[in-house]
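Asker: Structure below; questions to follow.
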Amino acid sequence: MTSSASTEETETLLPPPPVLLPPWHTPEREELQLQARRFAMDEVLPVANEIDPQKGTIPASLLGRLADLGYFGITVPAEQGGMGLGVFEYCMVSEELARAWMSTASILARSQGLGTAVPDADRREELNRRSARGEWIGAIALSEPDAGSDLAGVSTRAVLEGDEWVVTGHKRWCGNAEAADFIQVLVRERDPEEGESRSAGLINLLLEKERGEFPEGLSGHPIDKIGYHGFLTWDLTFDGVRIPKDNIIDEAKAAREDSGEEGEAAKQAGFAEAQKFLNTARVHTAARAVGLARAALEDSILYLQEREQFGHPIGDFQALRFAVAEMAAQIEQARAFYRQVAHLIDLGMPVAKEASMVKLEATEMSVRVTNQAMQLHGGNGYTTERQVERHWRDARLTTIFEGTSEIQKRIISDRLLPRSPLS
């Protein structure tokens, strides 16, 4: 590709994409990375550039391609139809997809075995197979108008009537709710007793549904977001929604039963599985943030070669070159961190602190880098004619969802600094 300067034609150099180096490199990982990269740039990016400005949703054809490639089941065991890979590969693919459109990386998190931890082992396997095929894509209803970061404050009620739970309450920020095959709903079956944790009495219920509609008793309206398009985010009202009694999601119990562990070892296995879910969500968010920042950097490198002022491409000016250097260094640092934490999760190591650290650092970095990219684009960056404004809008959300930056700081500090008796 070339760009015409004022006096002669100069070659426009494409920014090199990241590579897998030792100790992370394997031929299989490299093949998967390159496949995801080609798919993202050749198929996802054109759709994003068309659909996102319209605040449209991911088309069924693109969901089908994600399913064909096996990306909905990256971490689902191979014996249950998935790819049988780890969090490292899941995050690596997600970075590539987020570089084109963060929403496609995010829809992957609504599969990967989500909504499968039901009591019956045969049904768990069936749902896992559907998840891996992209036929069991869900939504999670956790937050409420008065319960966001403080999920112990959830007030949506579930009352057992015969063989069904009857759910009444109000949920907010439920992405993909209408288009989903199921909604995993955090509800309160009872109030905590004196001396119990505020979270006592909370359970997760599995609401099965048809794609594109809500079941009886459930209604809602989409929340008009400034970014993160590709799927709708809903404000939901539960008015006597009925859910079968056995549709309780218990990641820890399912992990214990699948492992065959008993006693104290079983409890530890279950706790480890539940903690892994939280850690994976945080490192996955870090990978998406890195993908967004990388997109902003790569777009900026091209723009700085194309845009001319004072008789030169603006990429000749040292101040702008130094900005690029700082952006690149911050991205590489965050990428190295998320790869390290993902690797530790795959090894089964306890990484609650590190997962919060990488989520905090990568998302705040993404906001800085995409903001700098907007500045490098000047007035053109503040238009919908360039992709950089999309990266900027989506990056801003990464510091909020999956636990705000402030929540991550609390988690980190609580593991580093004891509280005094006065606290």
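Going by the structure tokens order, chains are called A, B, ..., each with residues numbered from 1, while ligands are numbered from 1 in the order shown.
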Which residues, written as a list in words, have at least one atom at most 7 Å from range 409-416 of chain A, with only C-alpha atoms counted and residues fewer than 6 positions away on the same chain left out?
Answerer: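 Final neighbour list, sorted by chain and number: Lys353, Ser356 and Met357 of chain A.
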Asker: Write out as a list in words the residues lying within 10 Å of range 278-282 of chain A, counting only C-alpha atoms and excluding same-chain residues fewer than 6 positions away.
Answerer: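 Neighbouring residues, sequence-local ones excluded: Val87, Phe88, Tyr90, Cys91, Ala109, Arg288, Tyr338, Val341, Ala342, Ile345, Asp346, Pro350, Val351, Ala352, Lys353, Glu354, Ala355, Ser356, Met357, Val358, Lys359, Leu360, Phe401, Glu402, Gly403 and Gln408 of chain A.
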Asker: As an MDAnalysis selection string, list the residues of range 37-285 of chain A assigned to helix (DSSP H, G or I) by DSSP on the backbone atoms of this structure.
Answerer: chainID A and resid 37:54 60:68 71:73 78:80 87:100 102:108 121:132 151:153 251:259 263:285
Asker: Taking only C-alpha atoms into account, name the residue in A:Glu389, A:Glu308, A:Asp224, A:Glu251 that is nearest to Lys55 in chain A.
Answerer: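 Between A:Glu389, A:Glu308, A:Asp224, A:Glu251, the residue approaching Lys55 in chain A most closely is A:Asp224.
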Asker: What are the closest atom pairs, with distances in Å to one decimal, for each residue of range 74-189 of chain A lying within 12 Å of range 193-208 of chain A, using only C-alpha atoms, rows by chain and rising residue number, as a Markdown table?
Answerer:
| residue | atom | partner | partner_atom | distance |
| --- | --- | --- | --- | --- |
| A:Leu114 | CA | A:Leu206 | CA | 10.4 |
| A:Gly115 | CA | A:Leu206 | CA | 6.8 |
| A:Thr116 | CA | A:Leu206 | CA | 8.8 |
| A:Ala117 | CA | A:Leu206 | CA | 9.4 |
| A:Val118 | CA | A:Leu206 | CA | 8.3 |
| A:Pro119 | CA | A:Leu206 | CA | 11.3 |
| A:Leu127 | CA | A:Glu208 | CA | 11.4 |
| A:Trp136 | CA | A:Glu208 | CA | 9.8 |
| A:Ile137 | CA | A:Glu208 | CA | 10.8 |
| A:Gly138 | CA | A:Glu208 | CA | 9.2 |
| A:Ala139 | CA | A:Leu207 | CA | 9.8 |
| A:Ile140 | CA | A:Leu206 | CA | 9.5 |
| A:Ala141 | CA | A:Asn204 | CA | 9.3 |
| A:Leu142 | CA | A:Asn204 | CA | 9.1 |
| A:Ala147 | CA | A:Ser199 | CA | 11.9 |
| A:Asp150 | CA | A:Ser199 | CA | 9.7 |
| A:Leu151 | CA | A:Ser199 | CA | 7.7 |
| A:Ala152 | CA | A:Ser199 | CA | 4.6 |
| A:Gly153 | CA | A:Arg198 | CA | 7.5 |
| A:Val154 | CA | A:Leu202 | CA | 8.0 |
| A:Ser155 | CA | A:Leu202 | CA | 9.3 |
| A:Thr156 | CA | A:Leu202 | CA | 9.6 |
| A:Arg157 | CA | A:Leu202 | CA | 9.3 |
| A:Ala158 | CA | A:Leu205 | CA | 8.9 |
| A:Val159 | CA | A:Ile203 | CA | 11.6 |
| A:Leu160 | CA | A:Leu205 | CA | 11.8 |
| A:Glu164 | CA | A:Leu205 | CA | 10.9 |
| A:Trp165 | CA | A:Leu205 | CA | 8.7 |
| A:Val166 | CA | A:Leu205 | CA | 10.6 |
| A:Val167 | CA | A:Leu205 | CA | 9.5 |
| A:Ala177 | CA | A:Leu207 | CA | 10.7 |
| A:Glu178 | CA | A:Glu208 | CA | 11.4 |
| A:Ala179 | CA | A:Glu208 | CA | 11.8 |
| A:Ala180 | CA | A:Glu208 | CA | 8.9 |
| A:Asp181 | CA | A:Glu208 | CA | 6.3 |
| A:Phe182 | CA | A:Glu208 | CA | 4.4 |
| A:Ile183 | CA | A:Leu207 | CA | 5.1 |
| A:Gln184 | CA | A:Leu206 | CA | 4.8 |
| A:Val185 | CA | A:Leu205 | CA | 5.2 |
| A:Leu186 | CA | A:Asn204 | CA | 4.5 |
| A:Val187 | CA | A:Ile203 | CA | 5.6 |
| A:Arg188 | CA | A:Leu202 | CA | 4.4 |
| A:Glu189 | CA | A:Gly201 | CA | 5.5 |
Asker: Residues of range 17-71 of chain A that have any atom at most 12 Å from an atom of range 295-298 of chain A: could you tabulate them with the shortest-distance atom pair and the distance in Å to one decimal, using only C-alpha atoms, ordered by chain and increasing number, as JSON lines?
Answerer:
{"residue": "A:Pro17", "atom": "CA", "partner": "A:Glu298", "partner_atom": "CA", "distance": 8.4}
{"residue": "A:Pro18", "atom": "CA", "partner": "A:Glu298", "partner_atom": "CA", "distance": 10.9}
{"residue": "A:Ala40", "atom": "CA", "partner": "A:Ala295", "partner_atom": "CA", "distance": 11.5}
{"residue": "A:Met41", "atom": "CA", "partner": "A:Ala295", "partner_atom": "CA", "distance": 10.7}
{"residue": "A:Leu45", "atom": "CA", "partner": "A:Ala295", "partner_atom": "CA", "distance": 10.8}
Asker: Limited to N, CA, C and O atoms, could you put the picked residues into a file as a PDB file, in the first residue's frame?
Answerer:
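Output contents, as saved in result_2.pdb:
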ATOM      1  N   PRO A  17       1.683  -7.117  13.592  1.00  0.00           N
ATOM      2  CA  PRO A  17       0.859  -7.640  14.690  1.00  0.00           C
ATOM      3  C   PRO A  17       1.723  -8.381  15.701  1.00  0.00           C
ATOM      4  O   PRO A  17       2.873  -8.738  15.409  1.00  0.00           O
ATOM      5  N   PRO A  18       1.200  -8.621  16.885  1.00  0.00           N
ATOM      6  CA  PRO A  18       1.986  -9.319  17.911  1.00  0.00           C
ATOM      7  C   PRO A  18       2.239 -10.773  17.519  1.00  0.00           C
ATOM      8  O   PRO A  18       1.450 -11.386  16.791  1.00  0.00           O
ATOM      9  N   ALA A  40     -10.702 -12.303  12.076  1.00  0.00           N
ATOM     10  CA  ALA A  40     -11.057 -11.004  12.644  1.00  0.00           C
ATOM     11  C   ALA A  40     -10.954  -9.889  11.610  1.00  0.00           C
ATOM     12  O   ALA A  40     -11.861  -9.066  11.474  1.00  0.00           O
ATOM     13  N   MET A  41      -9.859  -9.871  10.876  1.00  0.00           N
ATOM     14  CA  MET A  41      -9.625  -8.768   9.956  1.00  0.00           C
ATOM     15  C   MET A  41     -10.404  -8.919   8.647  1.00  0.00           C
ATOM     16  O   MET A  41     -10.846  -7.930   8.067  1.00  0.00           O
ATOM     17  N   LEU A  45     -14.120  -7.447  11.021  1.00  0.00           N
ATOM     18  CA  LEU A  45     -13.943  -5.995  10.903  1.00  0.00           C
ATOM     19  C   LEU A  45     -14.903  -5.360   9.901  1.00  0.00           C
ATOM     20  O   LEU A  45     -15.500  -4.314  10.210  1.00  0.00           O
TER      21      LEU A  45
END
Asker: Which is closest to Thr398 in chain A among A:Ala289, A:Val241, A:Ala60, A:Met83, if we use only C-alpha atoms?
Answerer: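 Comparing A:Ala289, A:Val241, A:Ala60, A:Met83 against Thr398 in chain A, the winner is A:Ala289.
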Asker: Tell me, in Å to one decimal, how far CA of Ile74 in chain A is from CA of Val367 in chain A.
Answerer: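 Between these atoms lies a distance of 27.8 Å.
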Asker: Might you pull out every residue within 8 Å of Trp234 in chain A, with only C-alpha atoms counted and same-chain residues fewer than 4 positions away left off, and present them as a list of chain:residue names?
Answerer: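 Everything that qualifies: A:Arg172, A:Trp173, A:Cys174, A:Gly175, A:Asn176, A:Ala177, A:Gly220, A:His221, A:Pro222, A:Ile223.
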Asker: Using all heavy atoms, can you export the residues from the last selection as a PDB file, in the first residue's frame?
Answerer:
ATOM      1  N   ARG A 172     -30.771  -5.181  35.920  1.00  0.00           N
ATOM      2  CA  ARG A 172     -30.276  -4.166  34.997  1.00  0.00           C
ATOM      3  C   ARG A 172     -28.908  -4.602  34.460  1.00  0.00           C
ATOM      4  O   ARG A 172     -28.207  -5.389  35.075  1.00  0.00           O
ATOM      5  CB  ARG A 172     -30.170  -2.823  35.726  1.00  0.00           C
ATOM      6  CG  ARG A 172     -29.908  -1.631  34.800  1.00  0.00           C
ATOM      7  CD  ARG A 172     -30.220  -0.330  35.530  1.00  0.00           C
ATOM      8  NE  ARG A 172     -29.763   0.836  34.802  1.00  0.00           N
ATOM      9  CZ  ARG A 172     -30.389   1.397  33.777  1.00  0.00           C
ATOM     10  NH1 ARG A 172     -31.552   0.881  33.374  1.00  0.00           N
ATOM     11  NH2 ARG A 172     -29.922   2.459  33.170  1.00  0.00           N
ATOM     12  N   TRP A 173     -28.569  -4.084  33.276  1.00  0.00           N
ATOM     13  CA  TRP A 173     -27.282  -4.383  32.642  1.00  0.00           C
ATOM     14  C   TRP A 173     -27.154  -5.864  32.272  1.00  0.00           C
ATOM     15  O   TRP A 173     -26.119  -6.477  32.510  1.00  0.00           O
ATOM     16  CB  TRP A 173     -26.099  -3.960  33.534  1.00  0.00           C
ATOM     17  CG  TRP A 173     -26.164  -2.542  34.003  1.00  0.00           C
ATOM     18  CD1 TRP A 173     -26.289  -2.123  35.293  1.00  0.00           C
ATOM     19  CD2 TRP A 173     -26.144  -1.371  33.190  1.00  0.00           C
ATOM     20  NE1 TRP A 173     -26.334  -0.761  35.341  1.00  0.00           N
ATOM     21  CE2 TRP A 173     -26.251  -0.270  34.057  1.00  0.00           C
ATOM     22  CE3 TRP A 173     -26.045  -1.143  31.819  1.00  0.00           C
ATOM     23  CZ2 TRP A 173     -26.260   1.054  33.594  1.00  0.00           C
ATOM     24  CZ3 TRP A 173     -26.061   0.157  31.350  1.00  0.00           C
ATOM     25  CH2 TRP A 173     -26.170   1.242  32.235  1.00  0.00           C
ATOM     26  N   CYS A 174     -28.195  -6.396  31.682  1.00  0.00           N
ATOM     27  CA  CYS A 174     -28.182  -7.796  31.258  1.00  0.00           C
ATOM     28  C   CYS A 174     -27.974  -7.850  29.744  1.00  0.00           C
ATOM     29  O   CYS A 174     -28.922  -7.734  28.963  1.00  0.00           O
ATOM     30  CB  CYS A 174     -29.480  -8.495  31.654  1.00  0.00           C
ATOM     31  SG  CYS A 174     -29.473 -10.264  31.317  1.00  0.00           S
ATOM     32  N   GLY A 175     -26.733  -8.004  29.338  1.00  0.00           N
ATOM     33  CA  GLY A 175     -26.408  -8.024  27.915  1.00  0.00           C
ATOM     34  C   GLY A 175     -26.862  -9.302  27.245  1.00  0.00           C
ATOM     35  O   GLY A 175     -26.739 -10.390  27.798  1.00  0.00           O
ATOM     36  N   ASN A 176     -27.414  -9.158  26.044  1.00  0.00           N
ATOM     37  CA  ASN A 176     -27.803 -10.287  25.192  1.00  0.00           C
ATOM     38  C   ASN A 176     -29.040 -11.013  25.694  1.00  0.00           C
ATOM     39  O   ASN A 176     -29.335 -12.135  25.265  1.00  0.00           O
ATOM     40  CB  ASN A 176     -26.642 -11.286  25.068  1.00  0.00           C
ATOM     41  CG  ASN A 176     -26.770 -12.203  23.865  1.00  0.00           C
ATOM     42  OD1 ASN A 176     -27.017 -11.755  22.763  1.00  0.00           O
ATOM     43  ND2 ASN A 176     -26.604 -13.501  24.076  1.00  0.00           N
ATOM     44  N   ALA A 177     -29.801 -10.406  26.587  1.00  0.00           N
ATOM     45  CA  ALA A 177     -30.905 -11.108  27.258  1.00  0.00           C
ATOM     46  C   ALA A 177     -31.932 -11.657  26.281  1.00  0.00           C
ATOM     47  O   ALA A 177     -32.319 -12.830  26.372  1.00  0.00           O
ATOM     48  CB  ALA A 177     -31.576 -10.176  28.266  1.00  0.00           C
ATOM     49  N   GLY A 220     -38.908  -6.193  29.416  1.00  0.00           N
ATOM     50  CA  GLY A 220     -37.756  -5.316  29.545  1.00  0.00           C
ATOM     51  C   GLY A 220     -37.640  -4.329  28.413  1.00  0.00           C
ATOM     52  O   GLY A 220     -38.413  -4.367  27.450  1.00  0.00           O
ATOM     53  N   HIS A 221     -36.670  -3.460  28.550  1.00  0.00           N
ATOM     54  CA  HIS A 221     -36.370  -2.510  27.475  1.00  0.00           C
ATOM     55  C   HIS A 221     -34.857  -2.378  27.336  1.00  0.00           C
ATOM     56  O   HIS A 221     -34.116  -2.459  28.323  1.00  0.00           O
ATOM     57  CB  HIS A 221     -37.007  -1.149  27.756  1.00  0.00           C
ATOM     58  CG  HIS A 221     -36.469  -0.464  28.982  1.00  0.00           C
ATOM     59  ND1 HIS A 221     -37.035  -0.625  30.227  1.00  0.00           N
ATOM     60  CD2 HIS A 221     -35.405   0.372  29.157  1.00  0.00           C
ATOM     61  CE1 HIS A 221     -36.361   0.086  31.112  1.00  0.00           C
ATOM     62  NE2 HIS A 221     -35.357   0.700  30.497  1.00  0.00           N
ATOM     63  N   PRO A 222     -34.374  -2.165  26.098  1.00  0.00           N
ATOM     64  CA  PRO A 222     -32.933  -2.015  25.898  1.00  0.00           C
ATOM     65  C   PRO A 222     -32.430  -0.704  26.494  1.00  0.00           C
ATOM     66  O   PRO A 222     -33.135   0.312  26.482  1.00  0.00           O
ATOM     67  CB  PRO A 222     -32.778  -2.008  24.367  1.00  0.00           C
ATOM     68  CG  PRO A 222     -34.065  -2.543  23.826  1.00  0.00           C
ATOM     69  CD  PRO A 222     -35.106  -2.165  24.827  1.00  0.00           C
ATOM     70  N   ILE A 223     -31.213  -0.748  27.027  1.00  0.00           N
ATOM     71  CA  ILE A 223     -30.555   0.446  27.542  1.00  0.00           C
ATOM     72  C   ILE A 223     -29.737   1.057  26.404  1.00  0.00           C
ATOM     73  O   ILE A 223     -28.960   0.359  25.751  1.00  0.00           O
ATOM     74  CB  ILE A 223     -29.636   0.089  28.730  1.00  0.00           C
ATOM     75  CG1 ILE A 223     -30.455  -0.535  29.861  1.00  0.00           C
ATOM     76  CG2 ILE A 223     -28.884   1.313  29.232  1.00  0.00           C
ATOM     77  CD1 ILE A 223     -29.620  -1.140  30.968  1.00  0.00           C
TER      78      ILE A 223
END
Asker: Considering only C-alpha atoms, return as number ranges by chain whatever protein or nucleic-acid residues lie within 6 Å of range 372-376 of chain A, sequence-local ones (same chain, fewer than 3 positions apart) excluded.
Answerer: A: 296, 300, 369, 381
Asker: Please produce an output containing all heavy atoms for each residue in the selection, written as a PDB file, in the first residue's frame.
Answerer:
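Output file part-v7.pdb follows:
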ATOM      1  N   ALA A 296      -6.316   0.629  18.249  1.00  0.00           N
ATOM      2  CA  ALA A 296      -6.109   2.079  18.220  1.00  0.00           C
ATOM      3  C   ALA A 296      -4.691   2.426  17.800  1.00  0.00           C
ATOM      4  O   ALA A 296      -4.462   3.381  17.036  1.00  0.00           O
ATOM      5  CB  ALA A 296      -6.419   2.663  19.593  1.00  0.00           C
ATOM      6  N   SER A 300      -3.566   4.229  14.311  1.00  0.00           N
ATOM      7  CA  SER A 300      -2.824   5.487  14.433  1.00  0.00           C
ATOM      8  C   SER A 300      -1.541   5.454  13.611  1.00  0.00           C
ATOM      9  O   SER A 300      -1.171   6.449  12.974  1.00  0.00           O
ATOM     10  CB  SER A 300      -2.490   5.776  15.898  1.00  0.00           C
ATOM     11  OG  SER A 300      -3.660   5.982  16.656  1.00  0.00           O
ATOM     12  N   VAL A 369      -4.558   4.672  26.049  1.00  0.00           N
ATOM     13  CA  VAL A 369      -4.044   4.483  24.686  1.00  0.00           C
ATOM     14  C   VAL A 369      -5.084   4.895  23.649  1.00  0.00           C
ATOM     15  O   VAL A 369      -4.755   5.569  22.666  1.00  0.00           O
ATOM     16  CB  VAL A 369      -3.591   3.034  24.480  1.00  0.00           C
ATOM     17  CG1 VAL A 369      -3.369   2.729  22.994  1.00  0.00           C
ATOM     18  CG2 VAL A 369      -2.303   2.769  25.252  1.00  0.00           C
ATOM     19  N   GLY A 381     -10.443  11.997  14.234  1.00  0.00           N
ATOM     20  CA  GLY A 381     -10.737  10.977  15.225  1.00  0.00           C
ATOM     21  C   GLY A 381     -12.072  11.172  15.901  1.00  0.00           C
ATOM     22  O   GLY A 381     -12.652  10.216  16.432  1.00  0.00           O
TER      23      GLY A 381
END
